[in-house]
file query_21.txt (compact mmCIF, C-alpha atoms)
# COMPACT_ATOMS: atom_id res chain seq x y z
CA ALA A 1 -2.92 37.11 -9.30
CA GLU A 2 -1.47 39.85 -11.53
CA SER A 3 2.10 38.60 -11.12
CA LEU A 4 0.95 35.09 -12.01
CA ASP A 5 -0.85 36.26 -15.14
CA GLU A 6 2.25 38.18 -16.22
CA ALA A 7 4.57 35.19 -15.70
CA GLU A 8 6.03 33.85 -18.92
CA ASP A 9 6.30 30.25 -17.69
CA ASP A 10 4.18 27.87 -15.65
CA GLN A 11 6.61 27.63 -12.73
CA PRO A 12 4.31 29.42 -10.21
CA ILE A 13 1.47 26.97 -10.98
CA ILE A 14 3.87 23.98 -10.83
CA ASN A 15 5.06 25.19 -7.41
CA LEU A 16 1.48 25.72 -6.21
CA VAL A 17 0.33 22.24 -7.25
CA ARG A 18 3.41 20.65 -5.68
CA ALA A 19 2.84 22.60 -2.44
CA VAL A 20 -0.80 21.46 -2.27
CA LEU A 21 0.20 17.80 -2.83
CA LEU A 22 3.14 17.98 -0.40
CA GLU A 23 1.15 19.62 2.41
CA GLY A 24 -1.68 17.15 1.89
CA PHE A 25 0.75 14.25 2.31
CA GLN A 26 2.42 15.83 5.36
CA GLU A 27 -0.93 16.47 7.06
CA GLY A 28 -1.96 12.84 6.57
CA ALA A 29 -4.77 13.58 4.09
CA SER A 30 -6.33 10.62 2.29
CA ASP A 31 -7.87 12.89 -0.39
CA ILE A 32 -7.40 16.42 -1.72
CA HIS A 33 -10.52 18.11 -3.12
CA ILE A 34 -10.16 20.97 -5.63
CA GLU A 35 -13.64 22.45 -6.00
CA PRO A 36 -14.67 25.31 -8.31
CA GLN A 37 -16.97 27.92 -6.73
CA ARG A 38 -18.55 31.03 -8.26
CA GLU A 39 -15.69 33.35 -7.27
CA ASP A 40 -12.73 31.03 -6.68
CA PHE A 41 -11.49 27.46 -6.16
CA VAL A 42 -11.63 25.84 -2.70
CA ILE A 43 -8.93 23.35 -1.74
CA ARG A 44 -9.97 20.92 1.00
CA TYR A 45 -8.14 18.03 2.66
CA ARG A 46 -9.81 14.90 4.05
CA VAL A 47 -7.99 13.95 7.26
CA ASP A 48 -9.18 11.19 9.62
CA GLY A 49 -12.31 10.77 7.55
CA SER A 50 -13.57 14.38 7.57
CA CYS A 51 -12.87 17.34 5.27
CA PHE A 52 -11.55 20.76 6.22
CA GLU A 53 -10.82 23.80 4.08
CA LYS A 54 -7.12 24.44 3.55
CA THR A 55 -7.10 27.48 1.26
CA ARG A 56 -8.78 29.27 -1.64
CA VAL A 57 -7.20 30.32 -4.93
CA PRO A 58 -8.46 32.71 -7.64
CA LYS A 59 -10.50 31.21 -10.47
CA SER A 60 -7.76 31.79 -13.05
CA TRP A 61 -5.25 29.91 -10.88
CA GLY A 62 -7.66 27.04 -10.34
CA ALA A 63 -8.16 26.52 -14.08
CA ARG A 64 -4.40 26.38 -14.61
CA MET A 65 -4.00 24.02 -11.66
CA MET A 66 -6.44 21.67 -13.39
CA VAL A 67 -4.31 21.73 -16.56
CA ARG A 68 -1.19 20.96 -14.51
CA LEU A 69 -2.92 18.05 -12.73
CA LYS A 70 -4.08 16.62 -16.06
CA LEU A 71 -0.53 16.76 -17.41
CA LEU A 72 0.76 14.98 -14.28
CA ALA A 73 -1.90 12.25 -14.58
CA ASP A 74 -1.52 11.87 -18.37
CA LEU A 75 -5.09 13.04 -19.08
CA ASP A 76 -6.51 14.90 -22.10
CA ILE A 77 -6.15 18.62 -21.28
CA SER A 78 -8.57 19.61 -24.07
CA GLN A 79 -11.42 17.46 -22.67
CA ARG A 80 -13.39 19.48 -20.11
CA ARG A 81 -16.90 18.12 -20.59
CA LEU A 82 -16.37 14.49 -19.50
CA PRO A 83 -14.96 12.98 -16.27
CA GLN A 84 -11.46 11.53 -16.52
CA ASP A 85 -9.37 9.18 -14.36
CA GLY A 86 -5.60 9.04 -14.22
CA ARG A 87 -2.62 8.25 -12.03
CA SER A 88 0.61 9.96 -11.11
CA GLN A 89 3.47 9.75 -8.61
CA ILE A 90 5.48 12.19 -6.53
CA GLN A 91 8.62 11.56 -4.51
CA VAL A 92 8.56 12.93 -0.95
CA GLY A 93 11.92 12.23 0.68
CA LYS A 94 12.23 8.43 0.68
CA HIS A 95 8.49 7.97 0.09
CA ARG A 96 7.07 7.08 -3.30
CA VAL A 97 3.55 8.49 -3.16
CA ASP A 98 0.99 7.32 -5.72
CA LEU A 99 -1.80 9.70 -6.71
CA ARG A 100 -5.13 8.74 -8.24
CA VAL A 101 -6.56 11.81 -10.00
CA THR A 102 -10.25 12.07 -10.92
CA THR A 103 -11.58 15.14 -12.72
CA THR A 104 -15.24 16.01 -13.19
CA PRO A 105 -17.15 18.86 -14.88
CA THR A 106 -19.43 20.95 -12.63
CA VAL A 107 -21.71 23.94 -13.27
CA GLU A 108 -18.94 26.25 -11.97
CA GLY A 109 -16.10 24.65 -13.94
CA GLU A 110 -13.92 21.58 -13.77
CA GLY A 111 -12.94 20.15 -10.38
CA ALA A 112 -10.74 17.30 -9.18
CA VAL A 113 -10.24 14.85 -6.33
CA ILE A 114 -6.76 13.43 -5.69
CA ARG A 115 -6.51 10.19 -3.68
CA ILE A 116 -3.14 9.94 -1.90
CA LEU A 117 -1.77 6.38 -1.70
CA ASP A 118 1.39 6.31 0.41
CA GLY A 119 3.21 3.30 -1.00
CA GLY A 120 6.24 3.93 1.20
CA ARG A 121 4.59 3.68 4.61
CA GLU A 122 5.40 0.77 6.83
CA LEU A 123 2.64 -1.82 6.69
CA LYS A 124 1.18 -3.22 9.88
CA ASP A 125 0.79 -6.89 10.59
CA LEU A 126 -2.47 -8.21 12.08
CA SER A 127 -1.28 -7.87 15.69
CA ALA A 128 -0.83 -4.09 15.23
CA LEU A 129 -4.36 -3.38 13.92
CA GLY A 130 -6.06 -3.03 17.32
CA LEU A 131 -7.92 -6.36 17.22
CA ARG A 132 -8.97 -7.90 20.51
CA GLU A 133 -7.12 -11.10 21.44
CA GLU A 134 -10.00 -13.45 20.54
CA GLN A 135 -10.57 -11.57 17.25
CA LEU A 136 -6.88 -11.85 16.34
CA ASP A 137 -7.02 -15.58 17.06
CA LYS A 138 -10.08 -16.03 14.80
CA LEU A 139 -8.50 -14.05 11.95
CA THR A 140 -5.18 -15.87 12.21
CA ARG A 141 -6.92 -19.27 12.03
CA MET A 142 -8.90 -18.09 8.98
CA VAL A 143 -5.84 -17.25 6.90
CA ARG A 144 -3.92 -20.37 7.96
CA CYS A 145 -6.26 -22.53 5.87
CA GLN A 146 -4.69 -24.08 2.78
CA GLU A 147 -7.61 -22.94 0.66
CA GLY A 148 -10.71 -20.80 0.94
CA PHE A 149 -12.13 -17.34 0.59
CA VAL A 150 -11.73 -14.50 3.12
CA LEU A 151 -13.55 -11.15 2.73
CA ALA A 152 -12.95 -7.71 4.26
CA THR A 153 -16.03 -5.49 4.05
CA GLY A 154 -16.96 -1.93 4.87
CA PRO A 155 -17.44 1.47 3.21
CA THR A 156 -14.73 3.29 1.25
CA GLY A 157 -11.87 4.40 3.50
CA SER A 158 -12.59 1.98 6.34
CA GLY A 159 -9.17 0.32 6.26
CA LYS A 160 -10.07 -2.87 4.35
CA THR A 161 -6.89 -2.86 2.26
CA THR A 162 -4.71 -2.33 5.35
CA THR A 163 -6.33 -5.38 6.96
CA LEU A 164 -5.78 -7.50 3.83
CA TYR A 165 -2.15 -6.41 3.64
CA GLY A 166 -1.80 -7.40 7.31
CA MET A 167 -3.00 -10.89 6.33
CA LEU A 168 -0.57 -10.96 3.40
CA LYS A 169 2.38 -10.14 5.66
CA GLY A 170 1.75 -13.39 7.48
CA LEU A 171 1.18 -15.39 4.29
CA SER A 172 4.11 -13.99 2.30
CA THR A 173 6.75 -16.64 2.97
CA GLU A 174 9.39 -18.38 0.87
CA GLN A 175 7.05 -21.38 0.50
CA ASN A 176 4.11 -19.34 -0.87
CA LYS A 177 3.64 -17.67 -4.25
CA VAL A 178 1.57 -14.54 -3.54
CA ILE A 179 -0.04 -12.47 -6.33
CA THR A 180 -2.20 -9.36 -5.93
CA LEU A 181 -4.51 -7.69 -8.45
CA GLU A 182 -5.40 -4.13 -7.41
CA ASP A 183 -6.84 -0.88 -8.75
CA PRO A 184 -4.25 0.56 -8.30
CA VAL A 185 -1.46 -1.12 -6.29
CA GLU A 186 -1.53 0.86 -3.04
CA ASN A 187 1.62 -0.45 -1.33
CA VAL A 188 4.66 -2.25 -2.68
CA LEU A 189 5.22 -5.54 -0.83
CA GLU A 190 8.61 -7.25 -0.90
CA GLY A 191 8.45 -10.76 -2.35
CA VAL A 192 4.90 -10.34 -3.70
CA THR A 193 3.91 -10.21 -7.39
CA GLN A 194 1.61 -7.18 -7.75
CA ILE A 195 -0.51 -6.27 -10.78
CA SER A 196 -2.44 -3.04 -11.43
CA THR A 197 -5.66 -3.22 -13.42
CA HIS A 198 -5.89 -1.07 -16.54
CA ALA A 199 -9.46 -0.60 -17.81
CA LYS A 200 -8.41 1.22 -21.01
CA ILE A 201 -6.62 -1.84 -22.35
CA GLY A 202 -9.17 -4.34 -21.03
CA LEU A 203 -7.22 -5.55 -17.97
CA ASN A 204 -10.08 -5.62 -15.46
CA PHE A 205 -10.39 -7.75 -12.31
CA ALA A 206 -12.02 -10.70 -14.11
CA GLN A 207 -9.48 -10.76 -16.97
CA GLY A 208 -6.54 -10.32 -14.59
CA LEU A 209 -7.81 -13.05 -12.27
CA ARG A 210 -7.99 -15.56 -15.12
CA SER A 211 -4.37 -14.79 -15.98
CA ILE A 212 -3.26 -15.07 -12.33
CA LEU A 213 -4.67 -18.60 -12.06
CA ARG A 214 -2.19 -19.69 -14.75
CA GLN A 215 0.74 -18.26 -12.73
CA ASP A 216 0.74 -21.09 -10.12
CA PRO A 217 -0.22 -18.94 -7.10
CA ASP A 218 -0.82 -20.11 -3.52
CA VAL A 219 -2.36 -16.84 -2.27
CA ILE A 220 -4.36 -14.37 -4.38
CA LEU A 221 -5.49 -10.90 -3.32
CA VAL A 222 -8.21 -9.35 -5.50
CA GLY A 223 -8.59 -5.63 -4.74
CA GLU A 224 -12.39 -5.62 -4.98
CA ILE A 225 -15.26 -7.85 -6.09
CA ARG A 226 -17.38 -5.59 -8.30
CA ASP A 227 -19.31 -7.89 -10.59
CA GLN A 228 -20.65 -11.40 -11.08
CA GLU A 229 -17.76 -12.60 -13.25
CA THR A 230 -15.06 -11.58 -10.75
CA ALA A 231 -17.05 -13.09 -7.86
CA ARG A 232 -17.46 -16.44 -9.63
CA ILE A 233 -13.82 -16.72 -10.68
CA ALA A 234 -12.62 -15.76 -7.16
CA VAL A 235 -14.90 -18.35 -5.50
CA GLU A 236 -13.91 -21.06 -7.99
CA ALA A 237 -10.21 -20.24 -7.45
CA SER A 238 -10.67 -20.78 -3.72
CA MET A 239 -12.01 -24.29 -4.43
CA THR A 240 -8.88 -25.37 -6.28
CA GLY A 241 -6.25 -25.05 -3.56
CA HIS A 242 -5.84 -21.26 -3.39
CA ILE A 243 -6.34 -18.80 -0.56
CA VAL A 244 -8.29 -15.84 -2.00
CA LEU A 245 -8.51 -12.52 -0.13
CA SER A 246 -10.76 -9.72 -1.34
CA THR A 247 -12.99 -6.78 -0.37
CA LEU A 248 -16.68 -6.13 -0.79
CA HIS A 249 -18.76 -3.00 -0.14
CA THR A 250 -21.40 -4.05 2.40
CA VAL A 251 -22.48 -2.68 5.79
CA GLY A 252 -21.77 -5.83 7.85
CA SER A 253 -20.37 -9.35 7.81
CA CYS A 254 -23.67 -11.25 7.42
CA GLU A 255 -24.79 -8.92 4.61
CA SER A 256 -21.72 -10.00 2.59
CA ILE A 257 -23.15 -13.49 2.15
CA SER A 258 -26.39 -12.04 0.74
CA ARG A 259 -24.37 -9.75 -1.50
CA LEU A 260 -22.41 -12.66 -3.00
CA MET A 261 -25.72 -14.43 -3.72
CA ASP A 262 -27.05 -11.24 -5.34
CA LEU A 263 -23.97 -11.28 -7.59
CA GLY A 264 -25.06 -14.71 -8.85
CA VAL A 265 -22.73 -16.99 -6.87
CA GLU A 266 -24.53 -20.22 -5.92
CA SER A 267 -25.14 -20.70 -2.20
CA TYR A 268 -23.48 -24.14 -2.17
CA LEU A 269 -20.27 -22.61 -3.58
CA ILE A 270 -20.26 -19.86 -0.93
CA GLY A 271 -20.87 -22.41 1.82
CA ASP A 272 -18.05 -24.64 0.58
CA THR A 273 -15.40 -21.93 0.14
CA LEU A 274 -16.04 -18.99 2.51
CA GLN A 275 -13.75 -19.16 5.56
CA GLY A 276 -14.83 -15.89 7.14
CA VAL A 277 -15.72 -12.22 6.82
CA VAL A 278 -14.20 -9.18 8.55
CA ALA A 279 -16.49 -6.14 8.69
CA GLN A 280 -14.78 -2.98 9.91
CA ARG A 281 -15.00 0.76 10.46
CA LEU A 282 -12.54 3.49 11.44
CA LEU A 283 -13.74 5.69 14.31
CA ARG A 284 -12.27 9.06 15.16
CA LYS A 285 -10.47 9.32 18.50
CA VAL A 286 -10.95 12.22 20.91
CA CYS A 287 -7.88 14.48 20.79
CA PRO A 288 -5.66 13.63 23.80
CA HIS A 289 -4.26 17.18 23.94
CA CYS A 290 -7.53 19.04 24.57
CA ARG A 291 -9.90 16.43 25.97
CA VAL A 292 -11.98 17.25 29.03
CA GLU A 293 -14.32 15.07 31.04
CA ARG A 294 -18.00 15.44 30.19
CA VAL A 295 -21.26 13.91 31.42
CA PRO A 296 -23.60 13.12 28.46
CA SER A 297 -27.31 13.79 28.89
CA GLN A 298 -29.49 10.88 29.97
CA ALA A 299 -31.47 11.17 26.72
CA VAL A 300 -28.31 10.56 24.65
CA LEU A 301 -27.29 7.56 26.77
CA GLU A 302 -30.77 6.04 26.45
CA GLU A 303 -30.88 6.61 22.70
CA LEU A 304 -27.54 4.81 22.26
CA GLY A 305 -28.35 2.09 24.78
CA ILE A 306 -25.30 2.85 26.92
CA ALA A 307 -25.16 2.44 30.70
CA GLY A 308 -23.44 5.55 32.05
CA GLU A 309 -22.71 4.37 35.60
CA GLY A 310 -19.05 4.08 36.52
CA VAL A 311 -17.89 5.19 33.05
CA LYS A 312 -15.88 8.31 32.19
CA PHE A 313 -16.71 10.20 29.01
CA TYR A 314 -14.43 12.72 27.29
CA GLU A 315 -14.92 15.42 24.69
CA GLY A 316 -12.29 17.33 22.73
CA GLU A 317 -12.58 21.11 23.10
CA GLY A 318 -10.39 21.84 20.05
CA CYS A 319 -6.77 22.93 19.89
CA THR A 320 -3.99 23.57 17.36
CA GLN A 321 -3.00 19.88 17.41
CA CYS A 322 -6.42 18.78 16.10
CA ARG A 323 -7.25 21.94 14.08
CA ASP A 324 -10.00 22.86 16.58
CA ARG A 325 -12.03 19.75 15.73
CA GLY A 326 -11.64 17.84 19.00
CA PHE A 327 -10.60 14.64 17.19
CA LYS A 328 -7.14 13.35 16.28
CA GLY A 329 -6.35 9.95 14.78
CA ARG A 330 -8.62 6.96 14.25
CA VAL A 331 -9.07 3.50 15.71
CA GLY A 332 -10.37 0.37 13.95
CA ILE A 333 -13.34 -1.65 15.19
CA TYR A 334 -14.02 -5.13 13.82
CA GLU A 335 -16.81 -7.68 13.44
CA ILE A 336 -15.42 -11.12 12.59
CA LEU A 337 -17.70 -13.84 11.25
CA VAL A 338 -16.14 -17.32 11.22
CA VAL A 339 -17.87 -19.79 8.89
CA ASP A 340 -18.08 -23.08 10.83
CA ALA A 341 -19.96 -26.31 9.96
CA GLU A 342 -23.31 -24.98 11.25
CA MET A 343 -22.89 -21.72 9.31
CA ARG A 344 -22.02 -23.61 6.11
CA GLY A 345 -25.28 -25.53 6.39
CA LEU A 346 -27.28 -22.30 6.82
CA ILE A 347 -25.58 -20.67 3.82
CA GLN A 348 -26.12 -23.70 1.60
CA ASN A 349 -29.80 -23.75 2.58
CA GLN A 350 -30.04 -20.03 1.64
CA ALA A 351 -30.87 -18.90 5.18
CA SER A 352 -31.88 -15.25 5.64
CA LYS A 353 -29.46 -12.60 6.90
CA ASP A 354 -31.24 -12.57 10.29
CA GLN A 355 -30.88 -16.35 10.69
CA ILE A 356 -27.18 -16.16 9.86
CA LEU A 357 -26.70 -13.27 12.31
CA GLN A 358 -28.53 -15.16 15.05
CA ALA A 359 -26.34 -18.24 14.55
CA ALA A 360 -23.19 -16.10 14.42
CA ARG A 361 -24.05 -14.34 17.69
CA ALA A 362 -24.73 -17.69 19.32
CA GLY A 363 -21.23 -18.68 18.17
CA GLY A 364 -19.60 -15.65 19.82
CA LEU A 365 -19.82 -12.88 17.19
CA SER A 366 -19.38 -9.36 18.59
CA THR A 367 -21.14 -6.87 16.31
CA LEU A 368 -19.66 -3.54 15.27
CA ARG A 369 -22.14 -1.73 17.50
CA GLU A 370 -21.17 -3.85 20.52
call {"tool": "encode", "arguments": {"input": "query_21.txt", "output": "structure tokens"}}
result
Amino acid sequence: AESLDEAEDDQPIINLVRAVLLEGFQEGASDIHIEPQREDFVIRYRVDGSCFEKTRVPKSWGARMMVRLKLLADLDISQRRLPQDGRSQIQVGKHRVDLRVTTTPTVEGEGAVIRILDGGRELKDLSALGLREEQLDKLTRMVRCQEGFVLATGPTGSGKTTTLYGMLKGLSTEQNKVITLEDPVENVLEGVTQISTHAKIGLNFAQGLRSILRQDPDVILVGEIRDQETARIAVEASMTGHIVLSTLHTVGSCESISRLMDLGVESYLIGDTLQGVVAQRLLRKVCPHCRVERVPSQAVLEELGIAGEGVKFYEGEGCTQCRDRGFKGRVGIYEILVVDAEMRGLIQNQASKDQILQAARAGGLSTLRE
């Protein structure tokens, strides 16, 4: 700490911030948390959906790290009392890595969260996402339609964008004009026109979507439906010969229909345009390097409604490969709701979520829990 304070330039802090960002990328972190505590700053990485502490730095270093991050993200370094959002990029080998930087004031000082968006990673097509054969068939038929609306739903960090990009890979052909509107653009796709929203200058999802409709698109990807205006424009675009892909924050596929109605979209419009909904989660996988066979207690099996006969269960004991957590990597699970003629009638008649779920299960829907 003394040598840092005596340094005439900011090179030690620049090196520290770069090391934190570089190691976060190399360890596969989706987010880096820089959190002020009473005595120091804690740096934590979120890997495979859960956080772990990487290191701690003295309070004086942490404050200077925050200044460096603000400079990288083009934020106001003098503003410490209000939250700020910004973006930056770093080059790691051949990878162009986008960073979304969010700062916030706390009682112990100013902290930050850095979302790492690896725009250089190879994107997967639908067949590589771990879908079961019948699920892949349903999803492929959904996006082959000449027009309509397809939603991917789930909480933040559940892989919705990866699924949508998988759909785009199949739709991005010489015959199709594909335009995306994202906040921000997470991956650069060859042959696709991609637009980043910019709230400060008024380029939000609704404004951008209006502009896109004048660009003669065949396929439109809207990063997220957040408000009534965006929802209405997206649904209306899907009625006029466009395929519209988007995401929505709901807990399941049937709940998405209720959510669209809550946003003020008329039920007859949803029934006419919605082709299907993909609800998904990412589940942690037991580490293959340290897993051992275990027999769960009968109480746990009964609580979860699982039959334990003839099934092997494994638990990770923890090793260096998984940082002693017992989990390494994640796997996607999917619930795919196809909107057929019967479902359209239910939606247009404003059926309840339970009625829609009942009809979907009768039509072969496998829920996330199943």
call {"tool": "residues_around", "arguments": {"input": "query_21.txt", "residues": "segment 157-159 of chain A", "least_positions_apart": "2", "cutoff": "6 Å", "atoms": "all atoms listed in the file", "output": "compact mmCIF listing (two decimals) with C-alpha atoms, in the coordinates of the input"}}
result
# COMPACT_ATOMS: atom_id res chain seq x y z
CA PRO A 155 -17.44 1.47 3.21
CA THR A 161 -6.89 -2.86 2.26
CA THR A 162 -4.71 -2.33 5.35
CA ARG A 281 -15.00 0.76 10.46
CA LEU A 282 -12.54 3.49 11.44
call {"tool": "residues_around", "arguments": {"input": "query_21.txt", "residues": "Gly148 of chain A", "least_positions_apart": "3", "cutoff": "12 Å", "atoms": "all atoms listed in the file", "output": "PDB file with C-alpha atoms, in the frame of the given file"}}
result
ATOM      1  CA  ARG A 141      -6.920 -19.270  12.030  1.00  0.00           C
ATOM      2  CA  MET A 142      -8.900 -18.090   8.980  1.00  0.00           C
ATOM      3  CA  VAL A 143      -5.840 -17.250   6.900  1.00  0.00           C
ATOM      4  CA  ARG A 144      -3.920 -20.370   7.960  1.00  0.00           C
ATOM      5  CA  CYS A 145      -6.260 -22.530   5.870  1.00  0.00           C
ATOM      6  CA  LEU A 151     -13.550 -11.150   2.730  1.00  0.00           C
ATOM      7  CA  ASP A 218      -0.820 -20.110  -3.520  1.00  0.00           C
ATOM      8  CA  VAL A 219      -2.360 -16.840  -2.270  1.00  0.00           C
ATOM      9  CA  ILE A 220      -4.360 -14.370  -4.380  1.00  0.00           C
ATOM     10  CA  LEU A 221      -5.490 -10.900  -3.320  1.00  0.00           C
ATOM     11  CA  ALA A 234     -12.620 -15.760  -7.160  1.00  0.00           C
ATOM     12  CA  VAL A 235     -14.900 -18.350  -5.500  1.00  0.00           C
ATOM     13  CA  GLU A 236     -13.910 -21.060  -7.990  1.00  0.00           C
ATOM     14  CA  ALA A 237     -10.210 -20.240  -7.450  1.00  0.00           C
ATOM     15  CA  SER A 238     -10.670 -20.780  -3.720  1.00  0.00           C
ATOM     16  CA  MET A 239     -12.010 -24.290  -4.430  1.00  0.00           C
ATOM     17  CA  THR A 240      -8.880 -25.370  -6.280  1.00  0.00           C
ATOM     18  CA  GLY A 241      -6.250 -25.050  -3.560  1.00  0.00           C
ATOM     19  CA  HIS A 242      -5.840 -21.260  -3.390  1.00  0.00           C
ATOM     20  CA  ILE A 243      -6.340 -18.800  -0.560  1.00  0.00           C
ATOM     21  CA  VAL A 244      -8.290 -15.840  -2.000  1.00  0.00           C
ATOM     22  CA  LEU A 245      -8.510 -12.520  -0.130  1.00  0.00           C
ATOM     23  CA  SER A 246     -10.760  -9.720  -1.340  1.00  0.00           C
ATOM     24  CA  LEU A 269     -20.270 -22.610  -3.580  1.00  0.00           C
ATOM     25  CA  ILE A 270     -20.260 -19.860  -0.930  1.00  0.00           C
ATOM     26  CA  GLY A 271     -20.870 -22.410   1.820  1.00  0.00           C
ATOM     27  CA  ASP A 272     -18.050 -24.640   0.580  1.00  0.00           C
ATOM     28  CA  THR A 273     -15.400 -21.930   0.140  1.00  0.00           C
ATOM     29  CA  LEU A 274     -16.040 -18.990   2.510  1.00  0.00           C
ATOM     30  CA  GLN A 275     -13.750 -19.160   5.560  1.00  0.00           C
ATOM     31  CA  GLY A 276     -14.830 -15.890   7.140  1.00  0.00           C
ATOM     32  CA  VAL A 277     -15.720 -12.220   6.820  1.00  0.00           C
ATOM     33  CA  VAL A 339     -17.870 -19.790   8.890  1.00  0.00           C
TER      34      VAL A 339
END
call {"tool": "atom_distance", "arguments": {"input": "query_21.txt", "atom1": "atom CA of Ala73 of chain A", "atom2": "atom CA of Gln91 of chain A"}}
result
14.6 Å
call {"tool": "closest_residue", "arguments": {"input": "query_21.txt", "among": "A:Arg100, A:Arg226, A:Arg259, A:Arg68", "to": "Ile14 of chain A", "atoms": "only C-alpha atoms"}}
result
A:Arg68
call {"tool": "closest_residue", "arguments": {"input": "query_21.txt", "among": "A:Leu164, A:Met66, A:Ile233, A:Val331", "to": "Thr103 of chain A", "atoms": "all atoms listed in the file"}}
result
A:Met66
call {"tool": "residues_near_point", "arguments": {"input": "query_21.txt", "point": "(-1.4, 0.0, -5.8)", "cutoff": "12 Å", "atoms": "all atoms listed in the file", "output": "number ranges by chain"}}
result
A: 87-89, 96-100, 115-120, 161-162, 165, 180-189, 193-198, 221-223
call {"tool": "atom_distance", "arguments": {"input": "query_21.txt", "atom1": "atom CA of Gln358 of chain A", "atom2": "atom CA of Val338 of chain A"}}
result
13.1 Å
call {"tool": "atom_distance", "arguments": {"input": "query_21.txt", "atom1": "atom CA of Leu123 of chain A", "atom2": "atom CA of Phe205 of chain A"}}
result
23.8 Å
call {"tool": "closest_residue", "arguments": {"input": "query_21.txt", "among": "A:Gln280, A:Gln215, A:Gln350, A:Ser60", "to": "Ser253 of chain A", "atoms": "only C-alpha atoms"}}
result
A:Gln280
call {"tool": "residues_around", "arguments": {"input": "query_21.txt", "residues": "Leu136 of chain A", "least_positions_apart": "2", "cutoff": "12 Å", "atoms": "only C-alpha atoms", "output": "short mmCIF file (atom, residue, chain, number, x, y, z; two decimals) with C-alpha atoms, in the frame of the given file"}}
result
data_model
loop_
_atom_site.label_atom_id
_atom_site.label_comp_id
_atom_site.auth_asym_id
_atom_site.auth_seq_id
_atom_site.Cartn_x
_atom_site.Cartn_y
_atom_site.Cartn_z
CA ASP A 125 0.79 -6.89 10.59
CA LEU A 126 -2.47 -8.21 12.08
CA SER A 127 -1.28 -7.87 15.69
CA ALA A 128 -0.83 -4.09 15.23
CA LEU A 129 -4.36 -3.38 13.92
CA GLY A 130 -6.06 -3.03 17.32
CA LEU A 131 -7.92 -6.36 17.22
CA ARG A 132 -8.97 -7.90 20.51
CA GLU A 133 -7.12 -11.10 21.44
CA GLU A 134 -10.00 -13.45 20.54
CA LYS A 138 -10.08 -16.03 14.80
CA LEU A 139 -8.50 -14.05 11.95
CA THR A 140 -5.18 -15.87 12.21
CA ARG A 141 -6.92 -19.27 12.03
CA MET A 142 -8.90 -18.09 8.98
CA VAL A 143 -5.84 -17.25 6.90
CA THR A 163 -6.33 -5.38 6.96
CA GLY A 166 -1.80 -7.40 7.31
CA MET A 167 -3.00 -10.89 6.33
CA VAL A 278 -14.20 -9.18 8.55
CA TYR A 334 -14.02 -5.13 13.82
CA GLU A 335 -16.81 -7.68 13.44
CA ILE A 336 -15.42 -11.12 12.59
CA VAL A 338 -16.14 -17.32 11.22
#
call {"tool": "closest_residue", "arguments": {"input": "query_21.txt", "among": "A:Gly202, A:Gly154, A:Gly191, A:Gly109", "to": "Leu171 of chain A", "atoms": "all atoms listed in the file"}}
result
A:Gly191
call {"tool": "axis_aligned_box", "arguments": {"input": "query_21.txt", "around": "segment 278-286 of chain A", "padding_each_side": "5 Å", "output": "lines of an AutoDock Vina configuration file"}}
result
center_x = -13.5
center_y = 1.5
center_z = 14.7
size_x = 16.0
size_y = 31.4
size_z = 22.4
call {"tool": "residues_around", "arguments": {"input": "query_21.txt", "residues": "Gln298 of chain A", "least_positions_apart": "4", "cutoff": "9 Å", "atoms": "all atoms listed in the file", "output": "mmCIF file with C-alpha atoms, in the coordinates of the input"}}
result
data_model
loop_
_atom_site.group_PDB
_atom_site.id
_atom_site.type_symbol
_atom_site.label_atom_id
_atom_site.label_comp_id
_atom_site.auth_asym_id
_atom_site.auth_seq_id
_atom_site.Cartn_x
_atom_site.Cartn_y
_atom_site.Cartn_z
ATOM 1 C CA GLU A 302 -30.770 6.040 26.450
ATOM 2 C CA GLU A 303 -30.880 6.610 22.700
ATOM 3 C CA GLY A 308 -23.440 5.550 32.050
#
call {"tool": "closest_residue", "arguments": {"input": "query_21.txt", "among": "A:Val295, A:Val101, A:Ile225, A:Leu82", "to": "Leu69 of chain A", "atoms": "all atoms listed in the file"}}
result
A:Val101
call {"tool": "residues_near_point", "arguments": {"input": "query_21.txt", "point": "(-18.2, -14.3, -8.6)", "cutoff": "6 Å", "atoms": "only C-alpha atoms", "output": "ChimeraX atom specification"}}
result
/A:228-234,265
